[in-house]
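Engineer: Got query_33.tsv for you, TSV, C-alpha atoms:
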```
chain	number	residue	atom	x	y	z
A	27	MET	CA	184.89	0.78	302.55
A	28	ARG	CA	185.36	-1.99	305.11
A	29	ILE	CA	187.56	-2.25	308.19
A	30	SER	CA	188.16	-5.74	309.55
A	31	GLU	CA	186.73	-6.91	312.87
A	32	GLY	CA	190.29	-7.58	314.06
A	33	VAL	CA	190.88	-3.82	314.23
A	34	GLU	CA	187.97	-3.41	316.67
A	35	TRP	CA	189.26	-6.28	318.79
A	36	GLY	CA	192.84	-5.02	318.71
A	37	ILE	CA	191.96	-1.49	319.84
A	38	HIS	CA	189.79	-2.84	322.65
A	39	CYS	CA	192.61	-5.16	323.82
A	40	VAL	CA	195.23	-2.41	323.79
A	41	THR	CA	192.83	-0.14	325.71
A	42	VAL	CA	192.24	-2.85	328.33
A	43	LEU	CA	195.99	-3.47	328.63
A	44	ALA	CA	196.41	0.26	329.27
A	45	LEU	CA	194.23	-0.17	332.36
A	46	VAL	CA	196.40	-2.94	333.82
A	47	PRO	CA	198.97	-1.50	336.27
A	48	PRO	CA	202.56	-2.14	335.09
A	49	PRO	CA	204.46	-4.45	335.15
A	50	THR	CA	201.48	-6.85	335.28
A	51	ALA	CA	200.74	-8.87	332.14
A	52	LEU	CA	197.35	-10.23	331.10
A	53	PRO	CA	197.10	-13.73	329.56
A	54	ALA	CA	195.81	-13.82	325.97
A	55	ALA	CA	193.12	-16.27	327.07
A	56	ARG	CA	191.82	-13.74	329.62
A	57	LEU	CA	191.74	-10.96	327.03
A	58	ALA	CA	189.69	-13.24	324.76
A	59	GLU	CA	187.40	-14.24	327.62
A	60	TYR	CA	186.81	-10.64	328.72
A	61	HIS	CA	185.85	-9.58	325.19
A	62	GLY	CA	183.92	-12.75	324.36
A	63	VAL	CA	185.94	-13.39	321.19
A	64	PRO	CA	187.59	-16.62	319.87
A	65	PRO	CA	191.03	-17.06	321.55
A	66	ALA	CA	192.80	-18.50	318.48
A	67	TYR	CA	191.70	-15.63	316.25
A	68	LEU	CA	192.56	-13.00	318.86
A	69	ALA	CA	196.01	-14.59	319.40
A	70	LYS	CA	196.84	-13.83	315.78
A	71	HIS	CA	196.05	-10.14	316.29
A	72	LEU	CA	197.99	-9.97	319.57
A	73	GLN	CA	201.02	-11.37	317.76
A	74	ALA	CA	200.64	-8.68	315.10
A	75	LEU	CA	200.52	-6.03	317.85
A	76	SER	CA	203.64	-7.57	319.36
A	77	ARG	CA	205.51	-7.50	316.04
A	78	ALA	CA	204.59	-3.82	315.73
A	79	GLY	CA	206.12	-3.08	319.16
A	80	ILE	CA	202.80	-2.04	320.70
A	81	VAL	CA	202.49	-4.91	323.18
A	82	GLU	CA	205.07	-7.36	324.49
A	83	SER	CA	204.65	-10.89	325.74
A	84	VAL	CA	205.94	-11.92	329.15
A	85	ALA	CA	206.78	-15.60	329.73
A	86	GLY	CA	206.11	-17.58	332.91
A	87	PRO	CA	203.20	-18.47	335.21
A	88	ARG	CA	202.21	-14.81	335.59
A	89	GLY	CA	202.92	-14.11	331.93
A	90	GLY	CA	200.79	-12.71	329.18
A	91	TYR	CA	200.67	-9.44	327.29
A	92	ARG	CA	201.35	-5.90	328.44
A	93	LEU	CA	201.91	-2.59	326.66
A	94	SER	CA	205.44	-1.97	325.38
A	95	ARG	CA	205.12	1.76	326.03
A	96	PRO	CA	202.80	4.22	327.77
A	97	ALA	CA	199.29	4.41	326.32
A	98	ALA	CA	199.82	8.13	325.65
A	99	GLU	CA	202.56	7.15	323.19
A	100	ILE	CA	200.48	4.69	321.16
A	101	THR	CA	198.21	6.18	318.49
A	102	MET	CA	195.07	4.54	317.16
A	103	LEU	CA	196.70	4.63	313.72
A	104	GLU	CA	199.56	2.44	314.93
A	105	VAL	CA	197.12	-0.19	316.17
A	106	VAL	CA	195.07	-0.07	312.96
A	107	VAL	CA	198.18	-0.42	310.78
A	108	ALA	CA	199.59	-3.23	312.98
A	109	ILE	CA	196.45	-5.29	312.43
A	110	ASP	CA	195.18	-4.20	309.04
A	111	GLY	CA	198.45	-3.39	307.27
A	112	SER	CA	199.47	-0.16	305.59
A	113	ALA	CA	198.26	-0.91	302.05
A	114	PRO	CA	195.99	1.79	300.62
A	115	ALA	CA	192.27	1.02	300.96
A	116	SER	CA	191.75	2.13	297.39
A	117	ARG	CA	193.77	0.02	294.96
A	118	CYS	CA	194.49	1.63	291.60
A	119	THR	CA	194.35	-1.08	288.94
A	120	GLU	CA	195.31	1.47	286.23
A	121	ILE	CA	192.17	0.92	284.19
A	122	ARG	CA	193.13	4.01	282.17
A	123	GLN	CA	195.87	1.80	280.67
A	124	ARG	CA	193.38	-0.86	279.51
A	125	GLY	CA	191.01	-0.89	276.55
A	126	PRO	CA	191.25	0.08	272.88
A	127	ALA	CA	192.30	3.71	273.46
A	128	ALA	CA	195.18	2.99	275.85
A	129	VAL	CA	198.82	3.60	274.94
A	130	GLY	CA	201.86	2.01	276.60
A	131	PRO	CA	202.87	2.77	280.21
A	132	GLU	CA	205.14	5.61	279.00
A	133	GLY	CA	201.93	7.48	278.07
A	134	TYR	CA	201.02	7.82	281.74
A	135	PRO	CA	204.00	9.47	283.44
A	136	LEU	CA	201.97	10.56	286.49
A	137	PRO	CA	199.88	8.39	288.83
A	138	CYS	CA	196.19	8.41	287.95
A	139	GLY	CA	194.55	11.57	289.35
A	140	ILE	CA	191.54	9.56	290.50
A	141	ALA	CA	193.76	7.29	292.60
A	142	ARG	CA	195.61	10.34	293.96
A	143	ALA	CA	192.32	11.91	295.06
A	144	MET	CA	191.24	8.66	296.75
A	145	TRP	CA	194.60	8.43	298.52
A	146	ALA	CA	194.36	12.06	299.71
A	147	ALA	CA	191.07	11.16	301.42
A	148	GLU	CA	192.74	8.17	303.05
A	149	ASP	CA	195.50	10.47	304.30
A	150	ALA	CA	192.83	12.56	306.05
A	151	TRP	CA	191.53	9.36	307.70
A	152	ARG	CA	195.04	8.41	308.84
A	153	THR	CA	195.76	11.91	310.13
A	154	GLU	CA	192.64	11.73	312.29
A	155	LEU	CA	193.59	8.32	313.70
A	156	ALA	CA	197.14	9.52	314.36
A	157	LYS	CA	195.79	12.39	316.48
A	158	ARG	CA	194.18	10.03	319.02
A	159	THR	CA	196.15	7.95	321.47
A	160	ILE	CA	195.11	4.88	323.43
A	161	GLN	CA	195.26	7.11	326.52
A	162	ASP	CA	192.51	9.27	325.00
A	163	LEU	CA	190.37	6.14	324.63
A	164	VAL	CA	191.09	5.02	328.21
A	165	MET	CA	189.79	8.36	329.48
A	166	GLY	CA	186.51	7.72	327.67
A	167	VAL	CA	185.92	4.14	328.84
A	168	ALA	CA	184.66	5.03	332.31
A	169	ILE	CA	182.59	7.95	331.02
A	170	ASP	CA	180.80	5.93	328.31
A	171	ALA	CA	179.73	3.06	330.58
A	172	SER	CA	177.49	3.17	333.67
A	173	PRO	CA	179.07	2.99	337.17
A	174	LYS	CA	177.65	-0.55	337.46
A	175	ALA	CA	179.41	-1.68	334.27
A	176	VAL	CA	182.70	-0.09	335.38
A	177	GLU	CA	182.46	-1.70	338.83
A	178	LYS	CA	181.81	-5.18	337.41
A	179	ALA	CA	184.82	-4.85	335.10
A	180	VAL	CA	187.04	-3.65	337.96
A	181	VAL	CA	185.97	-6.62	340.12
A	182	TRP	CA	186.57	-9.08	337.27
A	183	PHE	CA	190.07	-7.74	336.57
A	184	GLY	CA	190.83	-7.68	340.29
A	185	GLU	CA	190.16	-11.43	340.47
A	186	VAL	CA	192.08	-12.21	337.27
A	187	LEU	CA	195.14	-10.27	338.40
A	188	ARG	CA	195.15	-11.51	342.02
B	6	MET	CA	190.59	-0.92	305.14
B	7	ARG	CA	189.39	-1.94	301.69
B	8	ILE	CA	187.50	-0.04	299.01
B	9	SER	CA	185.86	-2.14	296.30
B	10	GLU	CA	187.06	-2.15	292.70
B	11	GLY	CA	183.61	-0.96	291.64
B	12	VAL	CA	184.36	2.43	293.18
B	13	GLU	CA	187.41	2.85	290.95
B	14	TRP	CA	185.39	1.85	287.88
B	15	GLY	CA	182.48	4.09	288.82
B	16	ILE	CA	184.61	7.21	289.27
B	17	HIS	CA	186.40	6.56	285.98
B	18	CYS	CA	183.07	6.13	284.16
B	19	VAL	CA	181.56	9.30	285.60
B	20	THR	CA	184.75	11.21	284.68
B	21	VAL	CA	184.58	9.89	281.10
B	22	LEU	CA	180.89	10.81	280.86
B	23	ALA	CA	181.81	14.32	281.98
B	24	LEU	CA	183.96	14.58	278.83
B	25	VAL	CA	181.10	13.66	276.48
B	26	PRO	CA	179.41	16.81	275.14
B	27	PRO	CA	175.73	17.01	276.20
B	28	PRO	CA	173.17	15.76	275.30
B	29	THR	CA	175.13	12.80	273.88
B	30	ALA	CA	174.88	9.49	275.75
B	31	LEU	CA	177.50	6.74	275.79
B	32	PRO	CA	176.39	3.07	275.61
B	33	ALA	CA	177.27	0.99	278.67
B	34	ALA	CA	179.04	-1.50	276.39
B	35	ARG	CA	181.33	1.29	275.11
B	36	LEU	CA	182.16	2.44	278.66
B	37	ALA	CA	183.09	-1.17	279.53
B	38	GLU	CA	185.14	-1.53	276.34
B	39	TYR	CA	187.01	1.73	276.89
B	40	HIS	CA	187.99	0.74	280.43
B	41	GLY	CA	188.63	-2.92	279.61
B	42	VAL	CA	186.25	-4.14	282.34
B	43	PRO	CA	183.50	-6.83	282.24
B	44	PRO	CA	180.26	-5.27	280.82
B	45	ALA	CA	177.86	-7.21	283.10
B	46	TYR	CA	179.68	-6.18	286.26
B	47	LEU	CA	180.01	-2.56	285.14
B	48	ALA	CA	176.28	-2.47	284.25
B	49	LYS	CA	175.46	-3.14	287.90
B	50	HIS	CA	177.51	-0.12	288.99
B	51	LEU	CA	176.03	2.12	286.29
B	52	GLN	CA	172.56	1.19	287.54
B	53	ALA	CA	173.62	2.14	291.07
B	54	LEU	CA	174.87	5.50	289.77
B	55	SER	CA	171.56	5.96	287.98
B	56	ARG	CA	169.55	5.20	291.15
B	57	ALA	CA	171.66	7.81	292.95
B	58	GLY	CA	170.76	10.44	290.35
B	59	ILE	CA	174.35	10.85	289.16
B	60	VAL	CA	173.85	9.44	285.65
B	61	GLU	CA	170.70	8.87	283.61
B	62	SER	CA	169.99	6.36	280.89
B	63	VAL	CA	168.72	7.44	277.50
B	64	ALA	CA	166.72	4.93	275.42
B	65	GLY	CA	166.92	4.45	271.66
B	66	PRO	CA	169.52	3.75	268.97
B	67	ARG	CA	171.77	6.59	270.17
B	68	GLY	CA	171.01	5.81	273.80
B	69	GLY	CA	173.27	5.02	276.70
B	70	TYR	CA	174.34	6.87	279.82
B	71	ARG	CA	175.02	10.54	280.40
B	72	LEU	CA	175.48	12.70	283.51
B	73	SER	CA	172.28	13.86	285.21
B	74	ARG	CA	173.91	17.14	286.23
B	75	PRO	CA	177.08	19.15	285.57
B	76	ALA	CA	180.32	17.46	286.66
B	77	ALA	CA	181.05	20.42	288.95
B	78	GLU	CA	177.93	19.49	290.93
B	79	ILE	CA	178.87	15.84	291.50
B	80	THR	CA	181.27	15.13	294.35
B	81	MET	CA	183.55	12.10	294.59
B	82	LEU	CA	181.78	11.22	297.83
B	83	GLU	CA	178.43	10.92	296.03
B	84	VAL	CA	179.92	8.44	293.55
B	85	VAL	CA	181.62	6.43	296.31
B	86	VAL	CA	178.41	6.26	298.36
B	87	ALA	CA	176.31	5.37	295.28
B	88	ILE	CA	178.48	2.33	294.60
B	89	ASP	CA	179.78	1.31	298.02
B	90	GLY	CA	176.85	2.34	300.21
B	91	SER	CA	176.86	4.63	303.22
B	92	ALA	CA	177.44	2.05	305.97
B	93	PRO	CA	180.38	2.89	308.25
B	94	ALA	CA	183.63	1.11	307.30
B	95	SER	CA	184.20	0.31	310.95
B	96	ARG	CA	181.39	-1.83	312.36
B	97	CYS	CA	180.99	-1.70	316.13
B	98	THR	CA	179.96	-5.17	317.31
B	99	GLU	CA	179.70	-3.91	320.93
B	100	ILE	CA	182.30	-6.34	322.26
B	101	ARG	CA	182.29	-4.33	325.51
B	102	GLN	CA	178.84	-5.88	326.08
B	103	ARG	CA	180.16	-9.44	325.75
B	104	GLY	CA	182.13	-11.58	328.19
B	105	PRO	CA	181.93	-12.31	331.92
B	106	ALA	CA	182.25	-8.68	333.07
B	107	ALA	CA	179.51	-7.24	330.87
B	108	VAL	CA	176.24	-5.89	332.24
B	109	GLY	CA	172.99	-5.43	330.32
B	110	PRO	CA	172.60	-2.88	327.49
B	111	GLU	CA	171.36	-0.27	330.01
B	112	GLY	CA	174.93	-0.24	331.39
B	113	TYR	CA	176.20	1.36	328.17
B	114	PRO	CA	174.10	4.48	327.62
B	115	LEU	CA	176.63	6.05	325.23
B	116	PRO	CA	178.03	4.55	322.01
B	117	CYS	CA	181.42	2.91	322.51
B	118	GLY	CA	184.16	5.58	322.50
B	119	ILE	CA	186.38	3.38	320.34
B	120	ALA	CA	183.69	3.18	317.67
B	121	ARG	CA	183.14	6.94	317.92
B	122	ALA	CA	186.84	7.60	317.36
B	123	MET	CA	186.86	5.29	314.33
B	124	TRP	CA	183.78	7.02	312.93
B	125	ALA	CA	185.36	10.46	313.44
B	126	ALA	CA	188.26	9.34	311.25
B	127	GLU	CA	185.81	8.14	308.60
B	128	ASP	CA	184.12	11.54	308.72
B	129	ALA	CA	187.49	13.12	307.86
B	130	TRP	CA	187.74	10.75	304.88
B	131	ARG	CA	184.22	11.65	303.72
B	132	THR	CA	184.85	15.39	304.16
B	133	GLU	CA	187.90	15.11	301.90
B	134	LEU	CA	185.95	13.21	299.21
B	135	ALA	CA	183.09	15.71	299.44
B	136	LYS	CA	185.52	18.57	298.68
B	137	ARG	CA	186.40	17.19	295.25
B	138	THR	CA	184.07	17.20	292.28
B	139	ILE	CA	184.15	15.14	289.11
B	140	GLN	CA	185.02	18.40	287.33
B	141	ASP	CA	188.22	18.59	289.41
B	142	LEU	CA	189.12	15.09	288.19
B	143	VAL	CA	188.35	15.98	284.57
B	144	MET	CA	190.82	18.86	284.79
B	145	GLY	CA	193.52	16.42	285.83
B	146	VAL	CA	192.94	13.76	283.17
B	147	ALA	CA	194.71	15.59	280.36
B	148	ILE	CA	197.54	16.73	282.62
B	149	ASP	CA	198.30	13.26	284.01
B	150	ALA	CA	198.51	11.50	280.64
B	151	SER	CA	200.88	12.18	277.73
B	152	PRO	CA	199.64	14.10	274.64
B	153	LYS	CA	199.78	10.80	272.72
B	154	ALA	CA	197.47	9.09	275.23
B	155	VAL	CA	195.04	12.02	275.20
B	156	GLU	CA	194.99	12.10	271.37
B	157	LYS	CA	194.29	8.37	271.07
B	158	ALA	CA	191.39	8.65	273.53
B	159	VAL	CA	189.96	11.66	271.68
B	160	VAL	CA	190.12	9.79	268.35
B	161	TRP	CA	188.48	6.69	269.88
B	162	PHE	CA	185.63	8.70	271.37
B	163	GLY	CA	185.23	10.65	268.14
B	164	GLU	CA	184.59	7.37	266.29
B	165	VAL	CA	182.26	5.99	268.95
B	166	LEU	CA	180.16	9.14	269.04
B	167	ARG	CA	180.04	9.71	265.28
```
Using structure tokens, write down the structure from this file.
Structural biologist:
Amino acid sequence: MRISEGVEWGIHCVTVLALVPPPTALPAARLAEYHGVPPAYLAKHLQALSRAGIVESVAGPRGGYRLSRPAAEITMLEVVVAIDGSAPASRCTEIRQRGPAAVGPEGYPLPCGIARAMWAAEDAWRTELAKRTIQDLVMGVAIDASPKAVEKAVVWFGEVLR
Amino acid sequence: MRISEGVEWGIHCVTVLALVPPPTALPAARLAEYHGVPPAYLAKHLQALSRAGIVESVAGPRGGYRLSRPAAEITMLEVVVAIDGSAPASRCTEIRQRGPAAVGPEGYPLPCGIARAMWAAEDAWRTELAKRTIQDLVMGVAIDASPKAVEKAVVWFGEVLR
């Protein structure tokens, strides 16, 4: 099972945007710089987050991205789906319908039980991600890092947003 | 999130092997034929299942693969891990430690909270897969398919195992 790097970047960006006092917006280039990731690649993910109604872009000299709604109303699942799509991780290629012993599609009225079991596990994964909001992650940011790391980030953002 | 095709093939193969009366073994070529998948590629997955102690190979003219233990004692999670590995789906590349505001590694004594939240969701996925055994899947096979499909498979296996 693999989750794309864009998901990690997207959740970090949305968490950082949650720390920016409204109605301030943060330029995409600054988000890329802060995270040390390629701006062009990150821009693609920010656009996906915008299409999903999680962030919104603000035009003008003090423009950039900001959250479309409070961080407590954005779940991790929404961010993951915005960037990675909602297709199941486990694709059922109906191999039970291949080979010398297979009959026509009418012989398989129900979805394959193996696929159903895989999908049930994915539902458990989604349920867990839907339980956590970006606000929950924001609360953890300052606890996980040292005071020195938090201070340096606060100073950096203070200069960017001045 | 993506799960490799090999996982689908592996679970189907282990489920089919659970239907073969012990101590009979099924040749790898027959397993590939039955599922309509490339023998060389499937062989790689069968070897992974063998290394994981889920199936065992039997040498000789009536050789092939058979389950190493009862289907009720093999979980779906074991099969998934045997084929796909146990690495987390979500890789944390520590992007909080990149960029102009980052401090040295000593500034981040705890794992990133975003990664921890992603891993907690994966744990929910694993827990769900660990709850289901191959025996549970076997019970569903005959219910999901039509009587005609089940009969054709039984006849095919009867000829192969004769």
Engineer: Counting only C-alpha atoms, which residues have an atom no more than 6 Å from (199.9, -8.3, 313.4) in the file's coordinates? Please list them as a VMD selection string.
Structural biologist: chain A and resid 71 73 to 75 108 to 109
Engineer: Let's have chain A fitted on chain B; use all the C-alpha atoms paired in order for the least-squares step and return it as an mmCIF file with C-alpha atoms, in the coordinates of the input.
Structural biologist:
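See superposed.cif below for the written result:
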```
data_model
loop_
_atom_site.group_PDB
_atom_site.id
_atom_site.type_symbol
_atom_site.label_atom_id
_atom_site.label_comp_id
_atom_site.auth_asym_id
_atom_site.auth_seq_id
_atom_site.Cartn_x
_atom_site.Cartn_y
_atom_site.Cartn_z
ATOM 1 C CA MET A 27 190.576 -0.916 305.156
ATOM 2 C CA ARG A 28 189.395 -1.932 301.689
ATOM 3 C CA ILE A 29 187.502 -0.042 298.999
ATOM 4 C CA SER A 30 185.854 -2.137 296.300
ATOM 5 C CA GLU A 31 187.064 -2.145 292.699
ATOM 6 C CA GLY A 32 183.601 -0.956 291.632
ATOM 7 C CA VAL A 33 184.355 2.444 293.177
ATOM 8 C CA GLU A 34 187.420 2.854 290.934
ATOM 9 C CA TRP A 35 185.402 1.843 287.884
ATOM 10 C CA GLY A 36 182.479 4.085 288.803
ATOM 11 C CA ILE A 37 184.608 7.209 289.267
ATOM 12 C CA HIS A 38 186.406 6.575 285.982
ATOM 13 C CA CYS A 39 183.068 6.130 284.149
ATOM 14 C CA VAL A 40 181.559 9.301 285.597
ATOM 15 C CA THR A 41 184.743 11.203 284.677
ATOM 16 C CA VAL A 42 184.580 9.899 281.095
ATOM 17 C CA LEU A 43 180.883 10.804 280.863
ATOM 18 C CA ALA A 44 181.825 14.327 281.960
ATOM 19 C CA LEU A 45 183.971 14.575 278.827
ATOM 20 C CA VAL A 46 181.110 13.661 276.484
ATOM 21 C CA PRO A 47 179.403 16.814 275.134
ATOM 22 C CA PRO A 48 175.727 16.999 276.204
ATOM 23 C CA PRO A 49 173.161 15.760 275.294
ATOM 24 C CA THR A 50 175.135 12.800 273.880
ATOM 25 C CA ALA A 51 174.874 9.491 275.744
ATOM 26 C CA LEU A 52 177.492 6.740 275.800
ATOM 27 C CA PRO A 53 176.396 3.073 275.623
ATOM 28 C CA ALA A 54 177.276 0.981 278.690
ATOM 29 C CA ALA A 55 179.041 -1.496 276.410
ATOM 30 C CA ARG A 56 181.337 1.276 275.131
ATOM 31 C CA LEU A 57 182.154 2.422 278.661
ATOM 32 C CA ALA A 58 183.101 -1.171 279.525
ATOM 33 C CA GLU A 59 185.135 -1.535 276.339
ATOM 34 C CA TYR A 60 187.015 1.734 276.884
ATOM 35 C CA HIS A 61 187.986 0.737 280.430
ATOM 36 C CA GLY A 62 188.634 -2.923 279.624
ATOM 37 C CA VAL A 63 186.263 -4.150 282.346
ATOM 38 C CA PRO A 64 183.500 -6.844 282.247
ATOM 39 C CA PRO A 65 180.270 -5.291 280.833
ATOM 40 C CA ALA A 66 177.866 -7.224 283.094
ATOM 41 C CA TYR A 67 179.697 -6.197 286.258
ATOM 42 C CA LEU A 68 180.011 -2.573 285.146
ATOM 43 C CA ALA A 69 176.282 -2.471 284.249
ATOM 44 C CA LYS A 70 175.468 -3.141 287.890
ATOM 45 C CA HIS A 71 177.517 -0.125 288.987
ATOM 46 C CA LEU A 72 176.031 2.121 286.285
ATOM 47 C CA GLN A 73 172.566 1.206 287.540
ATOM 48 C CA ALA A 74 173.627 2.143 291.069
ATOM 49 C CA LEU A 75 174.876 5.509 289.760
ATOM 50 C CA SER A 76 171.553 5.964 287.990
ATOM 51 C CA ARG A 77 169.554 5.209 291.145
ATOM 52 C CA ALA A 78 171.653 7.813 292.961
ATOM 53 C CA GLY A 79 170.759 10.457 290.341
ATOM 54 C CA ILE A 80 174.350 10.855 289.146
ATOM 55 C CA VAL A 81 173.858 9.453 285.643
ATOM 56 C CA GLU A 82 170.711 8.879 283.608
ATOM 57 C CA SER A 83 169.994 6.351 280.907
ATOM 58 C CA VAL A 84 168.715 7.434 277.509
ATOM 59 C CA ALA A 85 166.712 4.921 275.445
ATOM 60 C CA GLY A 86 166.921 4.441 271.676
ATOM 61 C CA PRO A 87 169.527 3.710 268.988
ATOM 62 C CA ARG A 88 171.742 6.576 270.172
ATOM 63 C CA GLY A 89 171.017 5.797 273.813
ATOM 64 C CA GLY A 90 173.263 5.021 276.713
ATOM 65 C CA TYR A 91 174.343 6.867 279.829
ATOM 66 C CA ARG A 92 175.018 10.545 280.408
ATOM 67 C CA LEU A 93 175.485 12.706 283.498
ATOM 68 C CA SER A 94 172.290 13.873 285.205
ATOM 69 C CA ARG A 95 173.925 17.145 286.233
ATOM 70 C CA PRO A 96 177.084 19.154 285.564
ATOM 71 C CA ALA A 97 180.313 17.469 286.657
ATOM 72 C CA ALA A 98 181.040 20.447 288.931
ATOM 73 C CA GLU A 99 177.937 19.496 290.928
ATOM 74 C CA ILE A 100 178.870 15.849 291.495
ATOM 75 C CA THR A 101 181.285 15.135 294.352
ATOM 76 C CA MET A 102 183.550 12.111 294.565
ATOM 77 C CA LEU A 103 181.772 11.238 297.817
ATOM 78 C CA GLU A 104 178.444 10.932 296.009
ATOM 79 C CA VAL A 105 179.925 8.453 293.545
ATOM 80 C CA VAL A 106 181.619 6.441 296.302
ATOM 81 C CA VAL A 107 178.410 6.264 298.355
ATOM 82 C CA ALA A 108 176.307 5.379 295.270
ATOM 83 C CA ILE A 109 178.491 2.348 294.601
ATOM 84 C CA ASP A 110 179.774 1.330 298.009
ATOM 85 C CA GLY A 111 176.847 2.351 300.217
ATOM 86 C CA SER A 112 176.864 4.647 303.220
ATOM 87 C CA ALA A 113 177.446 2.057 305.960
ATOM 88 C CA PRO A 114 180.379 2.892 308.237
ATOM 89 C CA ALA A 115 183.623 1.123 307.290
ATOM 90 C CA SER A 116 184.196 0.301 310.929
ATOM 91 C CA ARG A 117 181.381 -1.823 312.345
ATOM 92 C CA CYS A 118 180.983 -1.711 316.117
ATOM 93 C CA THR A 119 179.964 -5.176 317.298
ATOM 94 C CA GLU A 120 179.718 -3.917 320.920
ATOM 95 C CA ILE A 121 182.298 -6.347 322.247
ATOM 96 C CA ARG A 122 182.295 -4.337 325.488
ATOM 97 C CA GLN A 123 178.849 -5.888 326.087
ATOM 98 C CA ARG A 124 180.169 -9.461 325.754
ATOM 99 C CA GLY A 125 182.131 -11.599 328.195
ATOM 100 C CA PRO A 126 181.937 -12.320 331.925
ATOM 101 C CA ALA A 127 182.250 -8.690 333.084
ATOM 102 C CA ALA A 128 179.506 -7.250 330.866
ATOM 103 C CA VAL A 129 176.235 -5.892 332.246
ATOM 104 C CA GLY A 130 172.982 -5.439 330.313
ATOM 105 C CA PRO A 131 172.596 -2.878 327.499
ATOM 106 C CA GLU A 132 171.348 -0.270 330.013
ATOM 107 C CA GLY A 133 174.917 -0.228 331.402
ATOM 108 C CA TYR A 134 176.188 1.350 328.192
ATOM 109 C CA PRO A 135 174.107 4.490 327.639
ATOM 110 C CA LEU A 136 176.633 6.035 325.220
ATOM 111 C CA PRO A 137 178.035 4.540 322.003
ATOM 112 C CA CYS A 138 181.422 2.903 322.496
ATOM 113 C CA GLY A 139 184.157 5.577 322.494
ATOM 114 C CA ILE A 140 186.377 3.378 320.336
ATOM 115 C CA ALA A 141 183.694 3.176 317.644
ATOM 116 C CA ARG A 142 183.123 6.941 317.916
ATOM 117 C CA ALA A 143 186.831 7.597 317.350
ATOM 118 C CA MET A 144 186.864 5.268 314.323
ATOM 119 C CA TRP A 145 183.788 7.007 312.914
ATOM 120 C CA ALA A 146 185.358 10.461 313.422
ATOM 121 C CA ALA A 147 188.267 9.333 311.226
ATOM 122 C CA GLU A 148 185.812 8.138 308.593
ATOM 123 C CA ASP A 149 184.124 11.545 308.710
ATOM 124 C CA ALA A 150 187.484 13.130 307.841
ATOM 125 C CA TRP A 151 187.737 10.750 304.854
ATOM 126 C CA ARG A 152 184.221 11.667 303.706
ATOM 127 C CA THR A 153 184.856 15.386 304.145
ATOM 128 C CA GLU A 154 187.891 15.112 301.877
ATOM 129 C CA LEU A 155 185.947 13.224 299.198
ATOM 130 C CA ALA A 156 183.093 15.730 299.425
ATOM 131 C CA LYS A 157 185.517 18.579 298.675
ATOM 132 C CA ARG A 158 186.422 17.180 295.235
ATOM 133 C CA THR A 159 184.067 17.204 292.292
ATOM 134 C CA ILE A 160 184.146 15.156 289.106
ATOM 135 C CA GLN A 161 185.027 18.414 287.331
ATOM 136 C CA ASP A 162 188.217 18.597 289.412
ATOM 137 C CA LEU A 163 189.112 15.099 288.195
ATOM 138 C CA VAL A 164 188.349 15.986 284.559
ATOM 139 C CA MET A 165 190.818 18.870 284.781
ATOM 140 C CA GLY A 166 193.517 16.418 285.850
ATOM 141 C CA VAL A 167 192.936 13.755 283.185
ATOM 142 C CA ALA A 168 194.706 15.582 280.366
ATOM 143 C CA ILE A 169 197.540 16.730 282.631
ATOM 144 C CA ASP A 170 198.297 13.249 284.024
ATOM 145 C CA ALA A 171 198.499 11.494 280.646
ATOM 146 C CA SER A 172 200.887 12.170 277.745
ATOM 147 C CA PRO A 173 199.636 14.098 274.663
ATOM 148 C CA LYS A 174 199.772 10.797 272.735
ATOM 149 C CA ALA A 175 197.474 9.065 275.239
ATOM 150 C CA VAL A 176 195.034 12.003 275.213
ATOM 151 C CA GLU A 177 194.990 12.096 271.399
ATOM 152 C CA LYS A 178 194.285 8.360 271.091
ATOM 153 C CA ALA A 179 191.392 8.656 273.550
ATOM 154 C CA VAL A 180 189.964 11.669 271.699
ATOM 155 C CA VAL A 181 190.122 9.782 268.376
ATOM 156 C CA TRP A 182 188.481 6.696 269.897
ATOM 157 C CA PHE A 183 185.609 8.705 271.398
ATOM 158 C CA GLY A 184 185.226 10.647 268.158
ATOM 159 C CA GLU A 185 184.579 7.381 266.297
ATOM 160 C CA VAL A 186 182.251 5.990 268.977
ATOM 161 C CA LEU A 187 180.148 9.148 269.067
ATOM 162 C CA ARG A 188 180.011 9.709 265.285
#
```
Engineer: Which residue, B:Glu83, B:Glu133, B:Glu156, B:Glu61, has the smallest gap to chain A when you use all atoms listed in the file?
Structural biologist: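 When distances to chain A are compared using all atoms listed in the file, the smallest one comes from B:Glu133.
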Engineer: Could you please determine the separation between CA of Arg7 in chain B and CA of Ala94 in chain B in Å, to one decimal place?
Structural biologist: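 That distance, rounded to one decimal, is 8.6 Å.
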Engineer: Expressed in Å to a single decimal, how great is the separation between CA of Pro114 in chain B and CA of Gly184 in chain A?
Structural biologist: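 Spanning CA of Pro114 in chain B to CA of Gly184 in chain A is a straight-line distance of 24.3 Å.
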Engineer: Just give me the gap between CA of Val60 in chain B and CA of Leu72 in chain B in Å, one decimal is fine.
Structural biologist: 4.2 Å
Engineer: Let me have the centre and edge lengths of the axis-aligned box enclosing all listed atoms of range 21-34 of chain B with 8 Å padding on every side, in Å to one decimal, as JSON.
Structural biologist:
```
{"center_x": 178.9, "center_y": 7.8, "center_z": 277.9, "size_x": 27.4, "size_y": 34.5, "size_z": 24.1}
```
Engineer: For a quick check of understanding, using all atoms listed in the file, which of A:Ala51, A:Ala44, A:Ala66, A:Val186 has the smallest distance to Ser83 in chain A?
Structural biologist: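 Of all the options, A:Ala51 lies closest to Ser83 in chain A.
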